[in-house]
$ cat entry.txt   # compact mmCIF, C-alpha atoms and all ligand atoms
# COMPACT_ATOMS: atom_id res chain seq x y z
CA MET A 14 5.61 -15.09 -26.24
CA VAL A 15 2.89 -16.18 -23.80
CA LYS A 16 1.81 -13.24 -21.70
CA LYS A 17 2.00 -13.62 -17.92
CA LYS A 18 -1.17 -13.05 -15.93
CA VAL A 19 -1.27 -10.52 -13.11
CA VAL A 20 -4.21 -9.96 -10.75
CA ILE A 21 -4.33 -6.78 -8.66
CA VAL A 22 -6.59 -7.44 -5.67
CA GLY A 23 -7.92 -4.06 -4.49
CA GLY A 24 -7.29 -2.44 -7.89
CA THR A 25 -9.70 0.39 -7.10
CA GLY A 26 -7.72 1.64 -4.09
CA TYR A 27 -4.96 4.26 -4.04
CA LEU A 28 -2.01 1.94 -4.70
CA GLY A 29 -4.03 -0.46 -6.86
CA GLN A 30 -4.96 2.29 -9.31
CA HIS A 31 -1.38 3.56 -9.57
CA LEU A 32 -0.24 0.01 -10.32
CA LEU A 33 -2.91 -0.43 -12.99
CA GLU A 34 -2.01 2.91 -14.58
CA THR A 35 1.64 1.86 -14.94
CA LEU A 36 0.69 -1.63 -16.12
CA SER A 37 -1.46 -0.06 -18.85
CA ASN A 38 1.48 1.53 -20.65
CA THR A 39 2.43 -0.10 -23.93
CA GLN A 40 5.72 -1.53 -22.68
CA THR A 41 4.12 -3.61 -19.95
CA THR A 42 0.90 -4.54 -21.81
CA SER A 43 2.98 -6.60 -24.24
CA PHE A 44 4.24 -8.74 -21.29
CA TYR A 45 1.24 -8.94 -18.99
CA ASP A 46 -2.48 -9.71 -19.11
CA VAL A 47 -3.98 -7.80 -16.22
CA ALA A 48 -7.13 -8.23 -14.17
CA PHE A 49 -8.17 -6.41 -11.03
CA THR A 50 -10.74 -6.72 -8.29
CA TYR A 51 -13.08 -4.24 -6.66
CA HIS A 52 -15.46 -4.47 -3.74
CA SER A 53 -17.89 -1.67 -3.02
CA THR A 54 -18.71 -0.05 -6.36
CA PRO A 55 -18.30 -1.16 -10.01
CA PRO A 56 -15.31 0.86 -11.27
CA HIS A 57 -16.92 2.57 -14.31
CA THR A 58 -14.60 5.61 -14.39
CA LEU A 59 -11.48 3.48 -13.98
CA LEU A 60 -12.58 1.12 -16.78
CA GLN A 61 -13.07 4.10 -19.12
CA SER A 62 -9.33 4.82 -18.71
CA LEU A 63 -8.31 1.15 -18.69
CA PRO A 64 -10.78 -0.60 -21.04
CA HIS A 65 -8.38 -3.48 -21.84
CA PHE A 66 -8.26 -4.76 -18.23
CA SER A 67 -10.78 -7.26 -16.83
CA SER A 68 -12.41 -6.48 -13.50
CA PHE A 69 -14.04 -8.78 -10.95
CA PRO A 70 -16.13 -8.09 -7.86
CA ILE A 71 -14.79 -9.94 -4.82
CA ASP A 72 -15.37 -9.96 -1.08
CA LEU A 73 -12.34 -10.91 0.99
CA HIS A 74 -14.58 -11.53 3.98
CA SER A 75 -16.65 -14.28 2.33
CA GLY A 76 -14.28 -15.22 -0.51
CA HIS A 77 -17.07 -14.68 -3.07
CA GLY A 78 -15.82 -13.83 -6.53
CA PHE A 79 -12.40 -15.49 -6.61
CA ASP A 80 -13.56 -18.57 -8.54
CA SER A 81 -14.87 -16.49 -11.43
CA ILE A 82 -11.38 -15.01 -11.85
CA SER A 83 -9.91 -18.52 -12.36
CA THR A 84 -12.75 -19.51 -14.72
CA THR A 85 -12.76 -16.36 -16.86
CA PHE A 86 -9.25 -14.92 -16.67
CA GLY A 87 -7.29 -18.07 -15.75
CA GLN A 88 -4.71 -18.83 -13.06
CA PRO A 89 -2.54 -15.79 -12.40
CA ASP A 90 1.26 -15.94 -12.32
CA VAL A 91 1.33 -13.05 -9.86
CA VAL A 92 -1.26 -11.78 -7.36
CA VAL A 93 -0.68 -8.36 -5.76
CA ASN A 94 -2.82 -7.91 -2.67
CA CYS A 95 -3.54 -4.19 -2.17
CA ALA A 96 -6.97 -4.78 -0.62
CA ALA A 97 -7.48 -3.90 3.02
CA LEU A 98 -9.46 -2.01 5.57
CA SER A 99 -6.63 0.50 5.50
CA VAL A 100 -7.82 3.30 7.80
CA PRO A 101 -6.68 2.60 11.40
CA ARG A 102 -9.72 4.34 12.94
CA ALA A 103 -12.11 2.18 10.85
CA CYS A 104 -10.25 -0.96 12.03
CA GLU A 105 -10.52 0.16 15.67
CA ALA A 106 -14.27 0.67 15.23
CA ASP A 107 -14.80 -2.80 13.73
CA PRO A 108 -12.02 -5.23 14.74
CA ALA A 109 -13.87 -8.27 13.34
CA ALA A 110 -14.08 -6.67 9.89
CA ALA A 111 -10.41 -5.62 10.10
CA MET A 112 -9.32 -9.19 10.83
CA SER A 113 -11.53 -10.82 8.20
CA ILE A 114 -10.49 -8.41 5.42
CA ASN A 115 -6.85 -7.77 6.31
CA VAL A 116 -5.88 -11.39 7.00
CA PRO A 117 -6.09 -12.76 3.43
CA THR A 118 -7.54 -16.16 4.36
CA SER A 119 -9.96 -16.44 1.42
CA LEU A 120 -7.37 -15.15 -1.07
CA VAL A 121 -4.71 -17.65 0.03
CA LYS A 122 -7.22 -20.54 0.10
CA TRP A 123 -8.15 -19.68 -3.51
CA MET A 124 -4.47 -19.65 -4.48
CA LEU A 125 -3.83 -23.01 -2.74
CA ASN A 126 -6.41 -24.59 -5.09
CA PHE A 127 -4.46 -23.65 -8.24
CA LYS A 128 -3.29 -26.55 -10.40
CA GLU A 129 0.17 -25.01 -10.76
CA LYS A 130 1.23 -24.23 -7.18
CA ASN A 131 3.70 -21.50 -8.05
CA THR A 132 1.86 -18.19 -8.18
CA LEU A 133 3.78 -15.33 -6.53
CA LEU A 134 1.83 -13.42 -3.84
CA ILE A 135 2.96 -9.84 -3.26
CA HIS A 136 1.21 -8.66 -0.10
CA LEU A 137 1.04 -5.14 1.30
CA SER A 138 1.67 -4.97 5.04
CA THR A 139 2.44 -1.88 7.12
CA ASP A 140 5.06 -0.14 9.28
CA GLN A 141 2.37 -0.23 11.98
CA VAL A 142 3.36 -3.83 12.81
CA TYR A 143 6.13 -2.19 14.89
CA GLU A 144 5.57 -0.80 18.40
CA GLY A 145 7.14 2.56 17.54
CA ILE A 146 9.47 3.12 20.48
CA LYS A 147 12.77 3.37 18.60
CA SER A 148 14.10 4.60 15.27
CA PHE A 149 14.90 2.68 12.10
CA TYR A 150 13.21 -0.68 12.69
CA ARG A 151 14.71 -3.64 10.86
CA GLU A 152 12.76 -6.59 9.47
CA GLU A 153 14.09 -8.93 12.17
CA ASP A 154 12.90 -6.66 15.01
CA LYS A 155 9.99 -7.93 17.09
CA THR A 156 6.51 -6.91 15.90
CA LEU A 157 4.22 -5.46 18.55
CA ALA A 158 1.36 -3.49 17.03
CA VAL A 159 -0.37 -0.89 19.21
CA ASN A 160 -3.70 -0.84 17.34
CA THR A 161 -6.15 -3.19 15.61
CA TYR A 162 -4.96 -2.24 12.11
CA GLY A 163 -1.38 -3.20 12.99
CA ARG A 164 -2.47 -6.40 14.76
CA SER A 165 -4.54 -7.48 11.74
CA LYS A 166 -1.47 -6.97 9.53
CA VAL A 167 0.75 -8.98 11.91
CA GLU A 168 -1.80 -11.83 11.71
CA ALA A 169 -1.83 -11.51 7.92
CA GLU A 170 1.96 -11.88 7.77
CA LYS A 171 1.85 -14.97 10.03
CA PHE A 172 -0.88 -16.51 7.87
CA ILE A 173 1.13 -16.01 4.68
CA LEU A 174 4.33 -17.36 6.23
CA ALA A 175 2.46 -20.48 7.41
CA ASN A 176 0.61 -21.16 4.14
CA CYS A 177 2.55 -19.78 1.17
CA SER A 178 5.85 -20.79 -0.37
CA ASN A 179 6.30 -17.98 -2.91
CA TYR A 180 5.67 -14.53 -1.46
CA ALA A 181 6.95 -11.00 -0.90
CA ILE A 182 5.53 -9.13 2.10
CA LEU A 183 6.06 -5.36 1.93
CA ARG A 184 5.83 -3.44 5.23
CA SER A 185 4.88 -0.08 3.83
CA SER A 186 5.19 3.34 5.41
CA ILE A 187 2.81 6.17 4.38
CA ILE A 188 2.37 6.03 0.59
CA TYR A 189 2.06 9.49 -0.95
CA GLY A 190 1.86 10.89 -4.46
CA PRO A 191 -0.60 12.22 -7.03
CA GLN A 192 -4.33 11.50 -7.05
CA THR A 193 -5.56 8.41 -8.93
CA LEU A 194 -7.32 8.09 -12.31
CA SER A 195 -10.63 7.69 -10.49
CA PRO A 196 -10.17 9.83 -7.34
CA VAL A 197 -10.18 7.84 -4.09
CA PRO A 198 -12.52 9.00 -1.32
CA LYS A 199 -9.89 9.09 1.44
CA SER A 200 -7.77 12.20 1.96
CA LEU A 201 -4.23 12.00 0.60
CA PRO A 202 -1.42 13.17 2.94
CA ILE A 203 0.41 15.79 0.83
CA GLN A 204 -2.78 17.13 -0.74
CA TRP A 205 -4.32 17.43 2.76
CA ILE A 206 -1.31 19.38 4.12
CA ASP A 207 -1.31 21.58 1.00
CA GLY A 208 -5.05 22.21 1.38
CA VAL A 209 -4.94 23.27 5.05
CA LEU A 210 -1.81 25.45 4.71
CA SER A 211 -3.15 27.16 1.58
CA LYS A 212 -6.06 28.54 3.65
CA GLY A 213 -3.56 30.58 5.72
CA ASN A 214 -4.75 29.28 9.12
CA LYS A 215 -2.39 28.00 11.83
CA VAL A 216 -2.55 24.18 11.96
CA ASP A 217 -1.24 21.67 14.56
CA PHE A 218 1.32 19.08 13.44
CA PHE A 219 3.05 16.49 15.61
CA TYR A 220 6.76 17.02 16.24
CA ASP A 221 7.17 13.62 17.91
CA GLU A 222 5.67 11.16 15.39
CA PHE A 223 8.11 9.83 12.81
CA ARG A 224 7.59 7.95 9.55
CA CYS A 225 9.54 7.16 6.34
CA PRO A 226 6.96 8.12 3.67
CA ILE A 227 7.43 6.48 0.28
CA TYR A 228 6.55 7.94 -3.11
CA VAL A 229 3.81 5.87 -4.78
CA LYS A 230 5.69 5.47 -8.07
CA ASP A 231 8.58 3.89 -6.13
CA VAL A 232 6.14 1.39 -4.62
CA VAL A 233 4.87 0.60 -8.12
CA ALA A 234 8.44 0.18 -9.43
CA ILE A 235 9.28 -2.17 -6.53
CA ILE A 236 6.19 -4.33 -7.15
CA LEU A 237 7.00 -4.50 -10.87
CA ALA A 238 10.63 -5.42 -10.09
CA LEU A 239 9.45 -8.31 -7.89
CA THR A 240 6.99 -9.39 -10.61
CA THR A 241 9.70 -9.34 -13.28
CA ARG A 242 12.08 -11.26 -11.03
CA TRP A 243 9.56 -14.07 -10.58
CA VAL A 244 8.44 -14.35 -14.20
CA THR A 245 12.01 -14.33 -15.52
CA ASP A 246 13.92 -16.32 -12.84
CA ASP A 247 11.16 -18.80 -11.92
CA THR A 248 12.73 -19.14 -8.47
CA PRO A 249 10.19 -18.94 -5.62
CA MET A 250 10.92 -16.21 -3.09
CA GLN A 251 10.21 -15.82 0.63
CA LEU A 252 10.81 -12.11 1.14
CA LEU A 253 9.90 -9.74 3.96
CA LEU A 254 10.90 -6.14 3.25
CA ASN A 255 10.51 -2.76 4.92
CA LEU A 256 9.07 -0.45 2.26
CA GLY A 257 9.89 3.17 3.00
CA GLY A 258 11.49 6.26 1.60
CA PRO A 259 15.06 7.31 2.46
CA ASP A 260 14.04 10.05 4.95
CA ARG A 261 12.82 9.76 8.56
CA VAL A 262 10.49 12.74 9.00
CA SER A 263 8.18 14.03 11.73
CA ARG A 264 4.71 15.27 10.83
CA VAL A 265 6.08 18.82 11.32
CA GLN A 266 8.90 18.14 8.85
CA MET A 267 6.40 16.65 6.39
CA ALA A 268 4.38 19.89 6.54
CA GLU A 269 7.50 22.12 6.36
CA THR A 270 8.58 20.43 3.14
CA VAL A 271 5.17 21.10 1.58
CA ALA A 272 5.34 24.74 2.80
CA ASP A 273 8.84 25.13 1.27
CA SER A 274 7.71 23.65 -2.01
CA ARG A 275 4.63 25.92 -2.20
CA GLY A 276 6.19 29.03 -0.63
CA TYR A 277 3.76 29.06 2.34
CA ASP A 278 4.55 30.82 5.62
CA LYS A 279 6.08 28.12 7.87
CA SER A 280 4.83 29.87 11.03
CA LEU A 281 1.41 28.42 10.09
CA ILE A 282 2.80 25.05 11.22
CA ASN A 283 2.16 24.74 14.95
CA PRO A 284 4.26 21.94 16.52
CA VAL A 285 2.35 19.92 19.14
CA SER A 286 2.95 16.58 20.83
CA ALA A 287 1.01 13.58 19.50
CA SER A 288 0.22 12.75 23.14
CA SER A 289 -1.84 15.96 23.39
CA VAL A 290 -4.54 14.66 21.00
CA ASP A 291 -6.99 11.75 21.32
CA ARG A 292 -7.38 10.33 17.81
CA GLY A 293 -9.58 7.44 18.92
CA VAL A 294 -6.84 4.99 17.97
CA ASN A 295 -3.32 4.39 19.33
CA SER A 296 -0.64 5.54 16.94
CA PRO A 297 2.96 4.32 17.22
CA PRO A 298 5.28 7.32 17.80
CA ASP A 299 8.38 6.35 15.81
CA ILE A 300 8.05 3.62 13.20
CA SER A 301 10.83 4.87 10.97
CA MET A 302 12.44 1.95 9.16
CA ASP A 303 15.85 0.82 8.02
CA ILE A 304 15.37 0.19 4.28
CA SER A 305 18.83 -1.19 3.51
CA LYS A 306 17.46 -4.70 2.80
CA LEU A 307 14.99 -3.26 0.23
CA VAL A 308 17.74 -1.22 -1.46
CA LYS A 309 20.16 -4.17 -1.54
CA THR A 310 17.63 -6.80 -2.65
CA LEU A 311 16.17 -4.80 -5.53
CA ASN A 312 19.03 -2.41 -6.27
CA ILE A 313 16.71 0.59 -6.14
CA CYS A 314 17.09 4.06 -4.72
CA PRO A 315 13.74 5.47 -3.46
CA THR A 316 12.93 9.14 -4.12
CA SER A 317 13.78 11.64 -1.35
CA TYR A 318 10.78 13.04 0.52
CA LYS A 319 11.58 16.54 -0.75
CA ASP A 320 11.62 15.44 -4.42
CA GLY A 321 8.53 13.26 -3.95
CA VAL A 322 6.58 16.23 -2.56
CA LYS A 323 7.62 18.37 -5.53
CA LEU A 324 6.52 15.65 -7.95
CA THR A 325 3.23 15.17 -6.10
CA LEU A 326 2.39 18.86 -6.28
CA THR A 327 3.28 19.18 -9.95
CA ILE A 328 1.64 16.03 -11.41
CA ARG A 329 -2.19 16.16 -11.96
N1 LIG A 401 -1.83 4.20 1.57
C1 LIG A 401 -0.95 4.15 2.54
O1 LIG A 401 -0.42 5.19 2.99
C2 LIG A 401 -0.51 2.81 3.12
C3 LIG A 401 0.49 2.78 4.10
C4 LIG A 401 0.89 1.55 4.61
C5 LIG A 401 0.31 0.37 4.16
N2 LIG A 401 -0.68 0.44 3.22
C6 LIG A 401 -1.29 -0.81 2.77
O2 LIG A 401 -1.18 -0.87 1.35
C7 LIG A 401 -2.34 -1.50 0.78
C8 LIG A 401 -2.96 -0.56 -0.24
O3 LIG A 401 -3.35 0.66 0.42
P1 LIG A 401 -4.30 1.71 -0.27
O4 LIG A 401 -4.04 3.01 0.37
O5 LIG A 401 -4.23 1.55 -1.74
O6 LIG A 401 -5.74 1.18 0.26
P2 LIG A 401 -7.17 1.76 -0.12
O7 LIG A 401 -7.06 2.95 -1.00
O8 LIG A 401 -7.93 1.90 1.16
O9 LIG A 401 -7.82 0.59 -0.99
C9 LIG A 401 -8.35 -0.54 -0.39
C10 LIG A 401 -8.82 -1.54 -1.44
O10 LIG A 401 -9.36 -2.67 -0.73
C11 LIG A 401 -10.62 -3.03 -1.31
N3 LIG A 401 -11.46 -3.65 -0.29
C12 LIG A 401 -11.90 -3.11 0.87
N4 LIG A 401 -12.67 -4.00 1.52
C13 LIG A 401 -12.71 -5.12 0.76
C14 LIG A 401 -13.36 -6.39 0.90
N5 LIG A 401 -14.14 -6.70 1.94
N6 LIG A 401 -13.17 -7.31 -0.08
C15 LIG A 401 -12.40 -7.02 -1.16
N7 LIG A 401 -11.76 -5.85 -1.34
C16 LIG A 401 -11.93 -4.90 -0.38
C17 LIG A 401 -11.20 -1.69 -1.81
O11 LIG A 401 -12.17 -1.93 -2.81
P3 LIG A 401 -13.38 -0.88 -3.11
O12 LIG A 401 -12.73 0.48 -3.18
O13 LIG A 401 -13.93 -1.31 -4.40
O14 LIG A 401 -14.31 -0.99 -1.97
C18 LIG A 401 -9.94 -1.03 -2.37
O15 LIG A 401 -9.69 -1.47 -3.68
C19 LIG A 401 -3.23 -1.85 1.98
O16 LIG A 401 -2.94 -3.16 2.38
C20 LIG A 401 -2.78 -0.90 3.06
O17 LIG A 401 -3.05 -1.41 4.35
C21 LIG A 401 -1.10 1.63 2.69

$ encode --input "entry.txt" --output "structure tokens"
Amino acid sequence: MVKKKVVIVGGTGYLGQHLLETLSNTQTTSFYDVAFTYHSTPPHTLLQSLPHFSSFPIDLHSGHGFDSISTTFGQPDVVVNCAALSVPRACEADPAAAMSINVPTSLVKWMLNFKEKNTLLIHLSTDQVYEGIKSFYREEDKTLAVNTYGRSKVEAEKFILANCSNYAILRSSIIYGPQTLSPVPKSLPIQWIDGVLSKGNKVDFFYDEFRCPIYVKDVVAIILALTTRWVTDDTPMQLLLNLGGPDRVSRVQMAETVADSRGYDKSLINPVSASSVDRGVNSPPDISMDISKLVKTLNICPTSYKDGVKLTLTIR
């Protein structure tokens, strides 16, 4: 059997590394040849754990590096785009960089040059494409981002819709779970809550900001299900899916679940309004999502927030 080729763009990031870790298990290595890209630093630690994967430096801003993937690794059957300027405050500080990295112009142009025009693009978008003034957004609701990060992701979606014929766009909520093989520099949500509550100090949490956090291994399973669907059915897809967990939770509820799981005193959680704090970037209040299309399309049942927190705090 000829192995299918998968390229993870942004393989050194939080989601990218979790995907690579799952793809490295013996069951999937017999189906897929995997390559991944990095940007800032050569991924020495990651390659020690995953020596059988090829890695390529690329810059989404200039497009440098993509051609050497085609020359050395070959044309991929599936490209998963996990690369982004993913911190909203960083996007607000440098809107030009946010647009040039988050709108995958150079990536899509590279894919449009392939001889076989049927590579599947799985692209990570965000719940922050929504304005955040109601609960349980559906995919057909209007997008109206309130910050640069969200606006760059709306532009990215429009660009893919206009230029690609085989794609799945995943509008992800907060992705949480265990640390990666090579620890990422950014702070992880559950580990951060655990860290501040473990010190025994009272900490502010918003009672009026709602999200549908999704467990990282569910995100990985969803991406692999889409990959399998394409390589087995050979039918191009044009999918736009909300990607969230089954629970709509406030930041206070997120912290309370961690406190319950660890046995911390819940009076350490001080509920405050999000409007009382200037975070240097607008944050949509309620971007909870209706995930029924995701569940129906892929026949999956994402992990509850409570179980996901338990798993996060017990693994690694
Ligand atoms: N994590 C979440 O909670 C969450 C929630 C909603 C949506 N998302 C979306 O899901 C995707 C994955 O998120 P993540 O948390 O895994 O992101 P992440 O940890 O911030 O990783 C970002 C990746 O992008 C690469 N990158 C940055 N600038 C680049 C450039 N100029 N050219 C090429 N690559 C570049 C980084 O490479 P280097 O590390 O080598 O520099 C890294 O591999 C992103 O699209 C993000 O917006 C994430």

$ residues_around --input "entry.txt" --residues "range 67-73 of chain A" --least-positions-apart "2" --cutoff "8 Å" --atoms "all atoms listed in the file" --output "PyMOL selection string"
chain A and resi 47-52+55+64-65+75-79+81-82+86+113-114+117-120

$ closest_residue --input "entry.txt" --among "A:Ile300, A:Pro191, A:Asp80, A:Pro259" --to "Thr156 in chain A" --atoms "all atoms listed in the file"
A:Ile300

$ residues_near_point --input "entry.txt" --point "(5.7, 1.4, 10.3)" --cutoff "10 Å" --atoms "all atoms listed in the file" --output "PDB file with C-alpha atoms, keeping the file's coordinate frame"
ATOM      1  CA  SER A 138       1.670  -4.970   5.040  1.00  0.00           C
ATOM      2  CA  THR A 139       2.440  -1.880   7.120  1.00  0.00           C
ATOM      3  CA  ASP A 140       5.060  -0.140   9.280  1.00  0.00           C
ATOM      4  CA  GLN A 141       2.370  -0.230  11.980  1.00  0.00           C
ATOM      5  CA  VAL A 142       3.360  -3.830  12.810  1.00  0.00           C
ATOM      6  CA  TYR A 143       6.130  -2.190  14.890  1.00  0.00           C
ATOM      7  CA  GLU A 144       5.570  -0.800  18.400  1.00  0.00           C
ATOM      8  CA  GLY A 145       7.140   2.560  17.540  1.00  0.00           C
ATOM      9  CA  PHE A 149      14.900   2.680  12.100  1.00  0.00           C
ATOM     10  CA  TYR A 150      13.210  -0.680  12.690  1.00  0.00           C
ATOM     11  CA  ALA A 158       1.360  -3.490  17.030  1.00  0.00           C
ATOM     12  CA  GLY A 163      -1.380  -3.200  12.990  1.00  0.00           C
ATOM     13  CA  ARG A 184       5.830  -3.440   5.230  1.00  0.00           C
ATOM     14  CA  SER A 185       4.880  -0.080   3.830  1.00  0.00           C
ATOM     15  CA  SER A 186       5.190   3.340   5.410  1.00  0.00           C
ATOM     16  CA  ILE A 187       2.810   6.170   4.380  1.00  0.00           C
ATOM     17  CA  PHE A 223       8.110   9.830  12.810  1.00  0.00           C
ATOM     18  CA  ARG A 224       7.590   7.950   9.550  1.00  0.00           C
ATOM     19  CA  CYS A 225       9.540   7.160   6.340  1.00  0.00           C
ATOM     20  CA  PRO A 226       6.960   8.120   3.670  1.00  0.00           C
ATOM     21  CA  ASN A 255      10.510  -2.760   4.920  1.00  0.00           C
ATOM     22  CA  LEU A 256       9.070  -0.450   2.260  1.00  0.00           C
ATOM     23  CA  GLY A 257       9.890   3.170   3.000  1.00  0.00           C
ATOM     24  CA  PRO A 297       2.960   4.320  17.220  1.00  0.00           C
ATOM     25  CA  PRO A 298       5.280   7.320  17.800  1.00  0.00           C
ATOM     26  CA  ASP A 299       8.380   6.350  15.810  1.00  0.00           C
ATOM     27  CA  ILE A 300       8.050   3.620  13.200  1.00  0.00           C
ATOM     28  CA  SER A 301      10.830   4.870  10.970  1.00  0.00           C
ATOM     29  CA  MET A 302      12.440   1.950   9.160  1.00  0.00           C
TER      30      MET A 302
END

$ closest_residue --input "entry.txt" --among "A:Ser195, A:Thr42, A:Thr132, A:Thr310" --to "ligand LIG 401 (chain A)" --atoms "all atoms listed in the file"
A:Ser195

$ closest_residue --input "entry.txt" --among "A:Ser53, A:Thr316, A:Thr193, A:Thr35" --to "ligand LIG 401 (chain A)" --atoms "all atoms listed in the file"
A:Ser53

$ closest_residue --input "entry.txt" --among "A:Val294, A:Ile203, A:Met124, A:Val244" --to "Arg102 in chain A" --atoms "all atoms listed in the file"
A:Val294

$ closest_residue --input "entry.txt" --among "A:Gln251, A:Ser62, A:Ser43, A:Gln30" --to "ligand LIG 401 (chain A)" --atoms "all atoms listed in the file"
A:Gln30

$ closest_residue --input "entry.txt" --among "A:Ala268, A:Leu134, A:Tyr189, A:Thr248" --to "Leu174 in chain A" --atoms "only C-alpha atoms"
A:Leu134

$ atom_distance --input "entry.txt" --atom1 "CA of Ile135 in chain A" --atom2 "CA of Val308 in chain A"
17.2 Å

$ atom_distance --input "entry.txt" --atom1 "atom P2 of ligand LIG 401 (chain A)" --atom2 "CA of Leu307 in chain A"
22.7 Å

$ atom_distance --input "entry.txt" --atom1 "CA of Met267 in chain A" --atom2 "atom C4 of ligand LIG 401 (chain A)"
16.2 Å
